[in-house]
Each structure stands twice: as C-alpha cells, then as structure tokens.
Amino acid sequence: MATDKLYTTSDSSSADQVYQSLRRLLIEGFYPPGTRLVEERLAQDLGVSRTPVRQALVRAAAEGLVQIFPNRGAVARSFTVDDLLEMYDLRALLEGHAAYLAAQRISPAQLARMEAAATALEESLTRTFECREDEVHFLVEQNAIFHQTIAEAAGNQRLIAMLNQIVAVPLQFRSFYWYRSEERRISNFFHRSILNALMLGDGDRARAMMREHIFYGRDVLLQSRRAEPESAASGEE
C-alpha cells in the first residue's frame, strides 16, 4: 500500500490539503494508534514532498492526533479510557450548549439539512451497502452533517474549533463499526428528539437530549472497547 498515492490533488503542494488528508487517514485508522509516522512513507502515500508532510505532522500533534518524541519521531496517538471519558464529558458540555444556542438561531435551511441527515440515518437501517466500510463511511458522513449543522447554527466559532479537536478521534470513528441495529435505532431516536426540540425553539430540551445522546454514544464505545482484546483496543500490534 505504501507505493500507492492515497490522496492527490491538483495542488498537491498545499500544506492544508496535505494536513486534511493525513488527518482523515489518522481518524479513519489507516495508521492505527502506535504506528510510527515516517515522513518518507507518508510523503509516498500522499503523493507529495516531505516538507508539507512535516508541517502536517506538527499540526496533527497540536490537535492531539499525533505524538512527537525526541529521537523517535512521530507516532499516531493512542487514546486511553480516561482520555475518552474526558472527551465525552467535554462533548456533552459543548454540544449541549451548542444545541441550546442553536434553538434560538437555527435557520430553515439548516433544519432542512438536519432533517435530511436524520432521515438518511433512519433509512440506512434497511439500505444495502457494497461493504461494511461503505456503510460506516455513510453513517459517519451523515452523523457529521447533523452535528456540524448544530454547531454552525450556534454561531460560536470558538465553540466549533473546540469541538473539532475533541470529536474527530480514531476511536470515535471506529465506534460506528460497533453499533448494532438496536443501538443505531436509539441513536436515531436521539437525533429526532434533538431536531424536534430545535424546530420548537426549545433550547433546554435540545441541550438535555444532546447530552443524553452523547453519553449514550460514550457508553456504547466504552462497552465495545472493553470487550476487545487489549492489543486491538489500543491499536498495538
């Protein structure tokens, strides 16, 4: 796989495009936690020179996706149970507040976008996908549309920046592999409840349902992670 160019663009020298490509590969687990991130290998994978790769690694480290060690280089970060508990606590607080603000500010177009995403997630339960990976990517995409629209409607750029740092971590992406049909139905119920509260302009209920939704997702992820062998859960080989 190292000989293939995984991501190329018309402006392959763009540092931001290289960073976004690397970020996606880290989040989706192409480079599992604990993987040494060698600049030469990354440059080959991404089809670029080493300079934008080095810049991308620094940004990924600042975001918490990568750890850089003296004399060892960059390593894809592993996340402990305590890390996840902290991140979900922050998500519940921040996304709950975003939902509260959005109830007073959300536009009809944003509500329509959320409605479409919620419907797509509901219909995915009976939809046939080419493979499990396609299904997971679809779920991640639609879920992101739903949650990001709320954050945008809240109208707080600092809040959005903070959420970007704590939501996009590899284990949260992998959690969609663990969701069974019943768990997805419960998640869809929360989406509907949040959307209905936003339509009614009920900030208190939107915040409460968002917090319950986040904590439910936390419980699914932690239960599934604890059921895995330790090496698989941590990403160690």
# chains A, B, ... in the order shown; residues from 1 in each chain; ligands from 1
call {"tool": "select_by_dssp", "arguments": {"residues": "region 24-176 of chain A", "states": "strand (DSSP E)", "output": "NGL selection string"}}
result
:A and (36-37 or 66-69 or 73-76)
call {"tool": "write_last_selection", "arguments": {"atoms": "C-alpha atoms", "output": "PDB file, in the first residue's frame"}}
result
ATOM      1  CA  ARG A  36       5.402   5.261  13.629  1.00  0.00           C
ATOM      2  CA  LEU A  37       4.721   8.007  11.110  1.00  0.00           C
ATOM      3  CA  VAL A  66      -0.067  12.594  16.859  1.00  0.00           C
ATOM      4  CA  GLN A  67       2.682  12.498  19.471  1.00  0.00           C
ATOM      5  CA  ILE A  68       6.210  13.574  18.582  1.00  0.00           C
ATOM      6  CA  PHE A  69       9.052  12.072  20.626  1.00  0.00           C
ATOM      7  CA  GLY A  73       9.769  10.841  15.621  1.00  0.00           C
ATOM      8  CA  ALA A  74       6.025  10.993  15.211  1.00  0.00           C
ATOM      9  CA  VAL A  75       3.616   8.296  16.380  1.00  0.00           C
ATOM     10  CA  ALA A  76      -0.144   8.009  15.893  1.00  0.00           C
TER      11      ALA A  76
END
call {"tool": "closest_atom_pairs", "arguments": {"of": "region 150-194 of chain A", "to": "region 110-126 of chain A", "cutoff": "12 Å", "atoms": "only C-alpha atoms", "output": "tab-separated table"}}
result
residue	atom	partner	partner_atom	distance
A:Ile150	CA	A:Gln110	CA	8.0
A:Ala151	CA	A:Gln110	CA	10.6
A:Glu152	CA	A:Gln110	CA	8.8
A:Ala153	CA	A:Gln110	CA	7.3
A:Ala154	CA	A:Gln110	CA	11.0
A:Tyr179	CA	A:Leu125	CA	11.2
A:Arg180	CA	A:Leu125	CA	9.8
A:Ser181	CA	A:Leu125	CA	6.9
A:Glu182	CA	A:Leu125	CA	9.7
A:Glu183	CA	A:Leu125	CA	10.9
A:Arg184	CA	A:Leu125	CA	8.0
A:Arg185	CA	A:Glu122	CA	7.4
A:Ile186	CA	A:Glu122	CA	10.3
A:Ser187	CA	A:Leu121	CA	9.3
A:Asn188	CA	A:Glu122	CA	6.4
A:Phe189	CA	A:Glu122	CA	9.1
A:Phe190	CA	A:Ala118	CA	9.8
A:His191	CA	A:Ala118	CA	6.4
A:Arg192	CA	A:Ala118	CA	6.9
A:Ser193	CA	A:Ala118	CA	10.5
A:Ile194	CA	A:Met114	CA	10.0
call {"tool": "atom_distance", "arguments": {"atom1": "CA of Ala43 (chain A)", "atom2": "CA of Ala144 (chain A)"}}
result
28.1 Å
call {"tool": "select_by_dssp", "arguments": {"residues": "region 13-136 of chain A", "states": "alpha helix (DSSP H)", "output": "PDB file with N, CA and C atoms, in the first residue's frame"}}
result
ATOM      1  N   ALA A  15      -0.217  22.847   1.807  1.00  0.00           N
ATOM      2  CA  ALA A  15       0.014  22.301   3.146  1.00  0.00           C
ATOM      3  C   ALA A  15      -1.301  21.929   3.820  1.00  0.00           C
ATOM      4  N   ASP A  16      -2.347  22.742   3.618  1.00  0.00           N
ATOM      5  CA  ASP A  16      -3.618  22.452   4.265  1.00  0.00           C
ATOM      6  C   ASP A  16      -4.253  21.198   3.696  1.00  0.00           C
ATOM      7  N   GLN A  17      -4.159  20.998   2.393  1.00  0.00           N
ATOM      8  CA  GLN A  17      -4.717  19.794   1.780  1.00  0.00           C
ATOM      9  C   GLN A  17      -3.982  18.545   2.257  1.00  0.00           C
ATOM     10  N   VAL A  18      -2.673  18.649   2.391  1.00  0.00           N
ATOM     11  CA  VAL A  18      -1.898  17.516   2.899  1.00  0.00           C
ATOM     12  C   VAL A  18      -2.295  17.218   4.334  1.00  0.00           C
ATOM     13  N   TYR A  19      -2.461  18.262   5.118  1.00  0.00           N
ATOM     14  CA  TYR A  19      -2.874  18.064   6.513  1.00  0.00           C
ATOM     15  C   TYR A  19      -4.242  17.403   6.591  1.00  0.00           C
ATOM     16  N   GLN A  20      -5.204  17.882   5.800  1.00  0.00           N
ATOM     17  CA  GLN A  20      -6.549  17.303   5.829  1.00  0.00           C
ATOM     18  C   GLN A  20      -6.527  15.834   5.417  1.00  0.00           C
ATOM     19  N   SER A  21      -5.692  15.490   4.438  1.00  0.00           N
ATOM     20  CA  SER A  21      -5.575  14.096   4.012  1.00  0.00           C
ATOM     21  C   SER A  21      -4.979  13.237   5.121  1.00  0.00           C
ATOM     22  N   LEU A  22      -3.910  13.724   5.749  1.00  0.00           N
ATOM     23  CA  LEU A  22      -3.288  12.984   6.842  1.00  0.00           C
ATOM     24  C   LEU A  22      -4.255  12.842   8.011  1.00  0.00           C
ATOM     25  N   ARG A  23      -4.944  13.911   8.316  1.00  0.00           N
ATOM     26  CA  ARG A  23      -5.915  13.902   9.424  1.00  0.00           C
ATOM     27  C   ARG A  23      -6.977  12.833   9.193  1.00  0.00           C
ATOM     28  N   ARG A  24      -7.481  12.772   7.974  1.00  0.00           N
ATOM     29  CA  ARG A  24      -8.511  11.784   7.655  1.00  0.00           C
ATOM     30  C   ARG A  24      -7.971  10.361   7.808  1.00  0.00           C
ATOM     31  N   LEU A  25      -6.771  10.115   7.328  1.00  0.00           N
ATOM     32  CA  LEU A  25      -6.181   8.777   7.440  1.00  0.00           C
ATOM     33  C   LEU A  25      -5.971   8.376   8.898  1.00  0.00           C
ATOM     34  N   LEU A  26      -5.594   9.324   9.733  1.00  0.00           N
ATOM     35  CA  LEU A  26      -5.420   9.043  11.153  1.00  0.00           C
ATOM     36  C   LEU A  26      -6.758   8.743  11.818  1.00  0.00           C
ATOM     37  N   ILE A  27      -7.751   9.563  11.540  1.00  0.00           N
ATOM     38  CA  ILE A  27      -9.066   9.391  12.162  1.00  0.00           C
ATOM     39  C   ILE A  27      -9.710   8.081  11.736  1.00  0.00           C
ATOM     40  N   GLU A  39       8.202  10.240   7.763  1.00  0.00           N
ATOM     41  CA  GLU A  39       7.913  11.272   6.768  1.00  0.00           C
ATOM     42  C   GLU A  39       8.017  10.745   5.338  1.00  0.00           C
ATOM     43  N   GLU A  40       9.024   9.956   5.064  1.00  0.00           N
ATOM     44  CA  GLU A  40       9.219   9.449   3.713  1.00  0.00           C
ATOM     45  C   GLU A  40       8.044   8.565   3.278  1.00  0.00           C
ATOM     46  N   ARG A  41       7.591   7.714   4.191  1.00  0.00           N
ATOM     47  CA  ARG A  41       6.438   6.838   3.891  1.00  0.00           C
ATOM     48  C   ARG A  41       5.170   7.666   3.694  1.00  0.00           C
ATOM     49  N   LEU A  42       4.953   8.647   4.553  1.00  0.00           N
ATOM     50  CA  LEU A  42       3.763   9.489   4.431  1.00  0.00           C
ATOM     51  C   LEU A  42       3.789  10.273   3.128  1.00  0.00           C
ATOM     52  N   ALA A  43       4.952  10.798   2.775  1.00  0.00           N
ATOM     53  CA  ALA A  43       5.073  11.561   1.531  1.00  0.00           C
ATOM     54  C   ALA A  43       4.730  10.685   0.334  1.00  0.00           C
ATOM     55  N   GLN A  44       5.153   9.415   0.388  1.00  0.00           N
ATOM     56  CA  GLN A  44       4.849   8.488  -0.699  1.00  0.00           C
ATOM     57  C   GLN A  44       3.349   8.176  -0.743  1.00  0.00           C
ATOM     58  N   ASP A  45       2.775   7.939   0.423  1.00  0.00           N
ATOM     59  CA  ASP A  45       1.339   7.645   0.494  1.00  0.00           C
ATOM     60  C   ASP A  45       0.496   8.793  -0.032  1.00  0.00           C
ATOM     61  N   LEU A  46       0.908  10.023   0.296  1.00  0.00           N
ATOM     62  CA  LEU A  46       0.113  11.203  -0.047  1.00  0.00           C
ATOM     63  C   LEU A  46       0.489  11.818  -1.387  1.00  0.00           C
ATOM     64  N   ARG A  50       8.315  15.881   1.314  1.00  0.00           N
ATOM     65  CA  ARG A  50       8.355  15.714   2.770  1.00  0.00           C
ATOM     66  C   ARG A  50       8.053  17.009   3.523  1.00  0.00           C
ATOM     67  N   THR A  51       8.269  18.164   2.890  1.00  0.00           N
ATOM     68  CA  THR A  51       8.074  19.432   3.600  1.00  0.00           C
ATOM     69  C   THR A  51       6.635  19.629   4.069  1.00  0.00           C
ATOM     70  N   PRO A  52       5.615  19.504   3.197  1.00  0.00           N
ATOM     71  CA  PRO A  52       4.240  19.655   3.701  1.00  0.00           C
ATOM     72  C   PRO A  52       3.846  18.539   4.666  1.00  0.00           C
ATOM     73  N   VAL A  53       4.462  17.359   4.529  1.00  0.00           N
ATOM     74  CA  VAL A  53       4.184  16.268   5.471  1.00  0.00           C
ATOM     75  C   VAL A  53       4.680  16.645   6.857  1.00  0.00           C
ATOM     76  N   ARG A  54       5.878  17.226   6.919  1.00  0.00           N
ATOM     77  CA  ARG A  54       6.438  17.631   8.214  1.00  0.00           C
ATOM     78  C   ARG A  54       5.538  18.684   8.865  1.00  0.00           C
ATOM     79  N   GLN A  55       5.052  19.630   8.070  1.00  0.00           N
ATOM     80  CA  GLN A  55       4.139  20.659   8.590  1.00  0.00           C
ATOM     81  C   GLN A  55       2.823  20.040   9.059  1.00  0.00           C
ATOM     82  N   ALA A  56       2.331  19.056   8.309  1.00  0.00           N
ATOM     83  CA  ALA A  56       1.073  18.400   8.668  1.00  0.00           C
ATOM     84  C   ALA A  56       1.211  17.635   9.980  1.00  0.00           C
ATOM     85  N   LEU A  57       2.349  17.007  10.200  1.00  0.00           N
ATOM     86  CA  LEU A  57       2.580  16.275  11.441  1.00  0.00           C
ATOM     87  C   LEU A  57       2.582  17.213  12.646  1.00  0.00           C
ATOM     88  N   VAL A  58       3.158  18.390  12.483  1.00  0.00           N
ATOM     89  CA  VAL A  58       3.170  19.367  13.573  1.00  0.00           C
ATOM     90  C   VAL A  58       1.739  19.799  13.903  1.00  0.00           C
ATOM     91  N   ARG A  59       0.935  20.027  12.879  1.00  0.00           N
ATOM     92  CA  ARG A  59      -0.461  20.410  13.112  1.00  0.00           C
ATOM     93  C   ARG A  59      -1.248  19.275  13.762  1.00  0.00           C
ATOM     94  N   ALA A  60      -0.996  18.068  13.304  1.00  0.00           N
ATOM     95  CA  ALA A  60      -1.693  16.912  13.879  1.00  0.00           C
ATOM     96  C   ALA A  60      -1.304  16.712  15.338  1.00  0.00           C
ATOM     97  N   ALA A  61      -0.057  17.018  15.661  1.00  0.00           N
ATOM     98  CA  ALA A  61       0.379  16.921  17.052  1.00  0.00           C
ATOM     99  C   ALA A  61      -0.317  17.982  17.909  1.00  0.00           C
ATOM    100  N   ALA A  62      -0.458  19.186  17.365  1.00  0.00           N
ATOM    101  CA  ALA A  62      -1.141  20.255  18.097  1.00  0.00           C
ATOM    102  C   ALA A  62      -2.603  19.913  18.334  1.00  0.00           C
ATOM    103  N   GLU A  63      -3.189  19.163  17.421  1.00  0.00           N
ATOM    104  CA  GLU A  63      -4.594  18.768  17.552  1.00  0.00           C
ATOM    105  C   GLU A  63      -4.757  17.566  18.473  1.00  0.00           C
ATOM    106  N   VAL A  81      -8.904   4.860  28.132  1.00  0.00           N
ATOM    107  CA  VAL A  81     -10.285   5.001  28.603  1.00  0.00           C
ATOM    108  C   VAL A  81     -10.478   6.357  29.285  1.00  0.00           C
ATOM    109  N   ASP A  82      -9.507   6.769  30.083  1.00  0.00           N
ATOM    110  CA  ASP A  82      -9.613   8.076  30.748  1.00  0.00           C
ATOM    111  C   ASP A  82      -9.672   9.214  29.737  1.00  0.00           C
ATOM    112  N   ASP A  83      -8.875   9.108  28.656  1.00  0.00           N
ATOM    113  CA  ASP A  83      -8.930  10.117  27.591  1.00  0.00           C
ATOM    114  C   ASP A  83     -10.339  10.220  27.024  1.00  0.00           C
ATOM    115  N   LEU A  84     -10.933   9.058  26.755  1.00  0.00           N
ATOM    116  CA  LEU A  84     -12.265   9.035  26.155  1.00  0.00           C
ATOM    117  C   LEU A  84     -13.318   9.598  27.097  1.00  0.00           C
ATOM    118  N   LEU A  85     -13.218   9.261  28.367  1.00  0.00           N
ATOM    119  CA  LEU A  85     -14.178   9.796  29.338  1.00  0.00           C
ATOM    120  C   LEU A  85     -14.099  11.316  29.387  1.00  0.00           C
ATOM    121  N   GLU A  86     -12.875  11.839  29.373  1.00  0.00           N
ATOM    122  CA  GLU A  86     -12.705  13.292  29.389  1.00  0.00           C
ATOM    123  C   GLU A  86     -13.293  13.929  28.132  1.00  0.00           C
ATOM    124  N   MET A  87     -13.042  13.299  26.968  1.00  0.00           N
ATOM    125  CA  MET A  87     -13.530  13.871  25.712  1.00  0.00           C
ATOM    126  C   MET A  87     -15.047  13.843  25.639  1.00  0.00           C
ATOM    127  N   TYR A  88     -15.659  12.772  26.104  1.00  0.00           N
ATOM    128  CA  TYR A  88     -17.121  12.709  26.057  1.00  0.00           C
ATOM    129  C   TYR A  88     -17.759  13.661  27.062  1.00  0.00           C
ATOM    130  N   ASP A  89     -17.119  13.864  28.202  1.00  0.00           N
ATOM    131  CA  ASP A  89     -17.620  14.868  29.145  1.00  0.00           C
ATOM    132  C   ASP A  89     -17.621  16.251  28.491  1.00  0.00           C
ATOM    133  N   LEU A  90     -16.525  16.558  27.791  1.00  0.00           N
ATOM    134  CA  LEU A  90     -16.440  17.847  27.110  1.00  0.00           C
ATOM    135  C   LEU A  90     -17.440  17.938  25.971  1.00  0.00           C
ATOM    136  N   ARG A  91     -17.598  16.837  25.219  1.00  0.00           N
ATOM    137  CA  ARG A  91     -18.576  16.844  24.126  1.00  0.00           C
ATOM    138  C   ARG A  91     -19.981  17.120  24.652  1.00  0.00           C
ATOM    139  N   ALA A  92     -20.344  16.464  25.748  1.00  0.00           N
ATOM    140  CA  ALA A  92     -21.691  16.657  26.301  1.00  0.00           C
ATOM    141  C   ALA A  92     -21.895  18.112  26.701  1.00  0.00           C
ATOM    142  N   LEU A  93     -20.869  18.699  27.317  1.00  0.00           N
ATOM    143  CA  LEU A  93     -20.960  20.091  27.743  1.00  0.00           C
ATOM    144  C   LEU A  93     -21.041  21.033  26.550  1.00  0.00           C
ATOM    145  N   LEU A  94     -20.118  20.862  25.599  1.00  0.00           N
ATOM    146  CA  LEU A  94     -20.026  21.798  24.475  1.00  0.00           C
ATOM    147  C   LEU A  94     -21.161  21.602  23.471  1.00  0.00           C
ATOM    148  N   GLU A  95     -21.459  20.355  23.117  1.00  0.00           N
ATOM    149  CA  GLU A  95     -22.532  20.129  22.141  1.00  0.00           C
ATOM    150  C   GLU A  95     -23.901  20.410  22.756  1.00  0.00           C
ATOM    151  N   GLY A  96     -24.015  20.167  24.058  1.00  0.00           N
ATOM    152  CA  GLY A  96     -25.260  20.547  24.728  1.00  0.00           C
ATOM    153  C   GLY A  96     -25.479  22.051  24.657  1.00  0.00           C
ATOM    154  N   HIS A  97     -24.417  22.808  24.908  1.00  0.00           N
ATOM    155  CA  HIS A  97     -24.525  24.276  24.836  1.00  0.00           C
ATOM    156  C   HIS A  97     -24.783  24.722  23.399  1.00  0.00           C
ATOM    157  N   ALA A  98     -24.134  24.053  22.433  1.00  0.00           N
ATOM    158  CA  ALA A  98     -24.366  24.393  21.031  1.00  0.00           C
ATOM    159  C   ALA A  98     -25.831  24.185  20.663  1.00  0.00           C
ATOM    160  N   ALA A  99     -26.422  23.086  21.138  1.00  0.00           N
ATOM    161  CA  ALA A  99     -27.835  22.818  20.849  1.00  0.00           C
ATOM    162  C   ALA A  99     -28.729  23.885  21.478  1.00  0.00           C
ATOM    163  N   TYR A 100     -28.384  24.303  22.692  1.00  0.00           N
ATOM    164  CA  TYR A 100     -29.149  25.354  23.379  1.00  0.00           C
ATOM    165  C   TYR A 100     -29.122  26.653  22.576  1.00  0.00           C
ATOM    166  N   LEU A 101     -27.930  27.049  22.111  1.00  0.00           N
ATOM    167  CA  LEU A 101     -27.812  28.275  21.325  1.00  0.00           C
ATOM    168  C   LEU A 101     -28.508  28.136  19.975  1.00  0.00           C
ATOM    169  N   ALA A 102     -28.362  26.964  19.360  1.00  0.00           N
ATOM    170  CA  ALA A 102     -28.926  26.749  18.029  1.00  0.00           C
ATOM    171  C   ALA A 102     -30.442  26.853  18.035  1.00  0.00           C
ATOM    172  N   ALA A 103     -31.074  26.480  19.151  1.00  0.00           N
ATOM    173  CA  ALA A 103     -32.543  26.530  19.223  1.00  0.00           C
ATOM    174  C   ALA A 103     -33.070  27.936  18.968  1.00  0.00           C
ATOM    175  N   GLN A 104     -32.264  28.948  19.280  1.00  0.00           N
ATOM    176  CA  GLN A 104     -32.695  30.336  19.096  1.00  0.00           C
ATOM    177  C   GLN A 104     -32.216  30.926  17.766  1.00  0.00           C
ATOM    178  N   ARG A 105     -31.299  30.228  17.087  1.00  0.00           N
ATOM    179  CA  ARG A 105     -30.655  30.851  15.939  1.00  0.00           C
ATOM    180  C   ARG A 105     -30.741  30.045  14.649  1.00  0.00           C
ATOM    181  N   PRO A 108     -34.190  27.889   8.656  1.00  0.00           N
ATOM    182  CA  PRO A 108     -34.956  26.833   7.976  1.00  0.00           C
ATOM    183  C   PRO A 108     -34.071  25.940   7.107  1.00  0.00           C
ATOM    184  N   ALA A 109     -33.080  26.529   6.444  1.00  0.00           N
ATOM    185  CA  ALA A 109     -32.188  25.734   5.595  1.00  0.00           C
ATOM    186  C   ALA A 109     -31.372  24.745   6.435  1.00  0.00           C
ATOM    187  N   GLN A 110     -30.924  25.189   7.596  1.00  0.00           N
ATOM    188  CA  GLN A 110     -30.163  24.301   8.472  1.00  0.00           C
ATOM    189  C   GLN A 110     -31.042  23.187   9.040  1.00  0.00           C
ATOM    190  N   LEU A 111     -32.277  23.515   9.387  1.00  0.00           N
ATOM    191  CA  LEU A 111     -33.213  22.495   9.849  1.00  0.00           C
ATOM    192  C   LEU A 111     -33.478  21.466   8.749  1.00  0.00           C
ATOM    193  N   ALA A 112     -33.585  21.928   7.526  1.00  0.00           N
ATOM    194  CA  ALA A 112     -33.819  21.018   6.401  1.00  0.00           C
ATOM    195  C   ALA A 112     -32.622  20.090   6.197  1.00  0.00           C
ATOM    196  N   ARG A 113     -31.418  20.626   6.366  1.00  0.00           N
ATOM    197  CA  ARG A 113     -30.214  19.807   6.236  1.00  0.00           C
ATOM    198  C   ARG A 113     -30.171  18.737   7.317  1.00  0.00           C
ATOM    199  N   MET A 114     -30.541  19.107   8.533  1.00  0.00           N
ATOM    200  CA  MET A 114     -30.575  18.137   9.630  1.00  0.00           C
ATOM    201  C   MET A 114     -31.658  17.084   9.405  1.00  0.00           C
ATOM    202  N   GLU A 115     -32.799  17.516   8.912  1.00  0.00           N
ATOM    203  CA  GLU A 115     -33.892  16.589   8.602  1.00  0.00           C
ATOM    204  C   GLU A 115     -33.437  15.550   7.583  1.00  0.00           C
ATOM    205  N   ALA A 116     -32.731  16.005   6.549  1.00  0.00           N
ATOM    206  CA  ALA A 116     -32.247  15.091   5.507  1.00  0.00           C
ATOM    207  C   ALA A 116     -31.240  14.089   6.082  1.00  0.00           C
ATOM    208  N   ALA A 117     -30.355  14.564   6.944  1.00  0.00           N
ATOM    209  CA  ALA A 117     -29.361  13.671   7.545  1.00  0.00           C
ATOM    210  C   ALA A 117     -30.026  12.661   8.472  1.00  0.00           C
ATOM    211  N   ALA A 118     -30.974  13.125   9.286  1.00  0.00           N
ATOM    212  CA  ALA A 118     -31.677  12.222  10.205  1.00  0.00           C
ATOM    213  C   ALA A 118     -32.447  11.155   9.433  1.00  0.00           C
ATOM    214  N   THR A 119     -33.087  11.559   8.357  1.00  0.00           N
ATOM    215  CA  THR A 119     -33.833  10.605   7.528  1.00  0.00           C
ATOM    216  C   THR A 119     -32.899   9.601   6.873  1.00  0.00           C
ATOM    217  N   ALA A 120     -31.761  10.068   6.372  1.00  0.00           N
ATOM    218  CA  ALA A 120     -30.785   9.179   5.745  1.00  0.00           C
ATOM    219  C   ALA A 120     -30.277   8.133   6.736  1.00  0.00           C
ATOM    220  N   LEU A 121     -30.037   8.542   7.979  1.00  0.00           N
ATOM    221  CA  LEU A 121     -29.571   7.603   9.001  1.00  0.00           C
ATOM    222  C   LEU A 121     -30.650   6.583   9.334  1.00  0.00           C
ATOM    223  N   GLU A 122     -31.894   7.014   9.372  1.00  0.00           N
ATOM    224  CA  GLU A 122     -33.003   6.090   9.640  1.00  0.00           C
ATOM    225  C   GLU A 122     -33.166   5.088   8.505  1.00  0.00           C
ATOM    226  N   GLU A 123     -33.106   5.579   7.274  1.00  0.00           N
ATOM    227  CA  GLU A 123     -33.294   4.704   6.122  1.00  0.00           C
ATOM    228  C   GLU A 123     -32.112   3.765   5.902  1.00  0.00           C
ATOM    229  N   ARG A 132     -19.091  -3.235   4.436  1.00  0.00           N
ATOM    230  CA  ARG A 132     -19.229  -2.618   5.752  1.00  0.00           C
ATOM    231  C   ARG A 132     -18.539  -1.260   5.798  1.00  0.00           C
ATOM    232  N   GLU A 133     -17.390  -1.130   5.109  1.00  0.00           N
ATOM    233  CA  GLU A 133     -16.659   0.129   5.113  1.00  0.00           C
ATOM    234  C   GLU A 133     -17.489   1.240   4.475  1.00  0.00           C
ATOM    235  N   ASP A 134     -18.193   0.918   3.384  1.00  0.00           N
ATOM    236  CA  ASP A 134     -19.053   1.927   2.745  1.00  0.00           C
ATOM    237  C   ASP A 134     -20.170   2.356   3.690  1.00  0.00           C
ATOM    238  N   GLU A 135     -20.733   1.395   4.396  1.00  0.00           N
ATOM    239  CA  GLU A 135     -21.811   1.707   5.333  1.00  0.00           C
ATOM    240  C   GLU A 135     -21.318   2.627   6.445  1.00  0.00           C
ATOM    241  N   VAL A 136     -20.153   2.300   7.011  1.00  0.00           N
ATOM    242  CA  VAL A 136     -19.607   3.107   8.098  1.00  0.00           C
ATOM    243  C   VAL A 136     -19.298   4.520   7.622  1.00  0.00           C
TER     244      VAL A 136
END
call {"tool": "atom_distance", "arguments": {"atom1": "CA of Leu195 (chain A)", "atom2": "CA of Leu221 (chain A)"}}
result
23.3 Å
call {"tool": "atom_distance", "arguments": {"atom1": "CA of Gly155 (chain A)", "atom2": "CA of Gly203 (chain A)"}}
result
14.4 Å
call {"tool": "closest_residue", "arguments": {"among": "A:Thr149, A:Pro32, A:Ile106, A:Val38", "to": "Phe79 (chain A)", "atoms": "only C-alpha atoms"}}
result
A:Pro32
call {"tool": "decode", "arguments": {"residues": "region 163-212 of chain A", "atoms": "C-alpha atoms", "output": "PDB file, in the first residue's frame"}}
result
ATOM      1  CA  LEU A 163     -15.449  20.577  19.067  1.00  0.00           C
ATOM      2  CA  ASN A 164     -13.260  19.848  16.046  1.00  0.00           C
ATOM      3  CA  GLN A 165     -10.452  18.890  18.397  1.00  0.00           C
ATOM      4  CA  ILE A 166     -12.389  16.505  20.600  1.00  0.00           C
ATOM      5  CA  VAL A 167     -14.863  14.890  18.202  1.00  0.00           C
ATOM      6  CA  ALA A 168     -12.547  13.651  15.458  1.00  0.00           C
ATOM      7  CA  VAL A 169     -10.508  10.955  17.159  1.00  0.00           C
ATOM      8  CA  PRO A 170      -9.909   7.462  15.716  1.00  0.00           C
ATOM      9  CA  LEU A 171     -11.881   5.520  18.331  1.00  0.00           C
ATOM     10  CA  GLN A 172     -14.956   7.673  17.828  1.00  0.00           C
ATOM     11  CA  PHE A 173     -14.772   6.888  14.106  1.00  0.00           C
ATOM     12  CA  ARG A 174     -14.348   3.178  14.858  1.00  0.00           C
ATOM     13  CA  SER A 175     -17.345   3.238  17.202  1.00  0.00           C
ATOM     14  CA  PHE A 176     -19.615   3.191  14.141  1.00  0.00           C
ATOM     15  CA  TYR A 177     -18.339  -0.326  13.391  1.00  0.00           C
ATOM     16  CA  TRP A 178     -19.610  -1.408  16.811  1.00  0.00           C
ATOM     17  CA  TYR A 179     -23.132  -0.015  16.531  1.00  0.00           C
ATOM     18  CA  ARG A 180     -25.714  -2.755  16.132  1.00  0.00           C
ATOM     19  CA  SER A 181     -29.163  -2.137  14.627  1.00  0.00           C
ATOM     20  CA  GLU A 182     -30.821  -1.563  18.012  1.00  0.00           C
ATOM     21  CA  GLU A 183     -28.139   0.884  19.103  1.00  0.00           C
ATOM     22  CA  ARG A 184     -28.495   2.751  15.819  1.00  0.00           C
ATOM     23  CA  ARG A 185     -32.261   2.991  16.352  1.00  0.00           C
ATOM     24  CA  ILE A 186     -31.668   4.526  19.776  1.00  0.00           C
ATOM     25  CA  SER A 187     -29.168   6.984  18.301  1.00  0.00           C
ATOM     26  CA  ASN A 188     -31.702   7.875  15.596  1.00  0.00           C
ATOM     27  CA  PHE A 189     -34.322   8.468  18.315  1.00  0.00           C
ATOM     28  CA  PHE A 190     -31.986  10.994  19.956  1.00  0.00           C
ATOM     29  CA  HIS A 191     -31.416  12.726  16.615  1.00  0.00           C
ATOM     30  CA  ARG A 192     -35.175  13.042  16.096  1.00  0.00           C
ATOM     31  CA  SER A 193     -35.694  14.345  19.634  1.00  0.00           C
ATOM     32  CA  ILE A 194     -32.963  16.956  19.224  1.00  0.00           C
ATOM     33  CA  LEU A 195     -34.326  18.028  15.841  1.00  0.00           C
ATOM     34  CA  ASN A 196     -37.875  18.350  17.184  1.00  0.00           C
ATOM     35  CA  ALA A 197     -36.648  20.479  20.087  1.00  0.00           C
ATOM     36  CA  LEU A 198     -34.782  22.768  17.681  1.00  0.00           C
ATOM     37  CA  MET A 199     -37.873  23.104  15.488  1.00  0.00           C
ATOM     38  CA  LEU A 200     -39.836  24.192  18.552  1.00  0.00           C
ATOM     39  CA  GLY A 201     -37.104  26.580  19.679  1.00  0.00           C
ATOM     40  CA  ASP A 202     -36.825  24.685  22.979  1.00  0.00           C
ATOM     41  CA  GLY A 203     -33.200  25.212  23.973  1.00  0.00           C
ATOM     42  CA  ASP A 204     -33.450  23.469  27.332  1.00  0.00           C
ATOM     43  CA  ARG A 205     -34.820  20.278  25.798  1.00  0.00           C
ATOM     44  CA  ALA A 206     -32.366  20.388  22.888  1.00  0.00           C
ATOM     45  CA  ARG A 207     -29.479  20.639  25.361  1.00  0.00           C
ATOM     46  CA  ALA A 208     -30.818  17.830  27.566  1.00  0.00           C
ATOM     47  CA  MET A 209     -31.385  15.450  24.640  1.00  0.00           C
ATOM     48  CA  MET A 210     -27.983  16.232  23.162  1.00  0.00           C
ATOM     49  CA  ARG A 211     -26.271  15.435  26.445  1.00  0.00           C
ATOM     50  CA  GLU A 212     -28.154  12.130  26.723  1.00  0.00           C
TER      51      GLU A 212
END
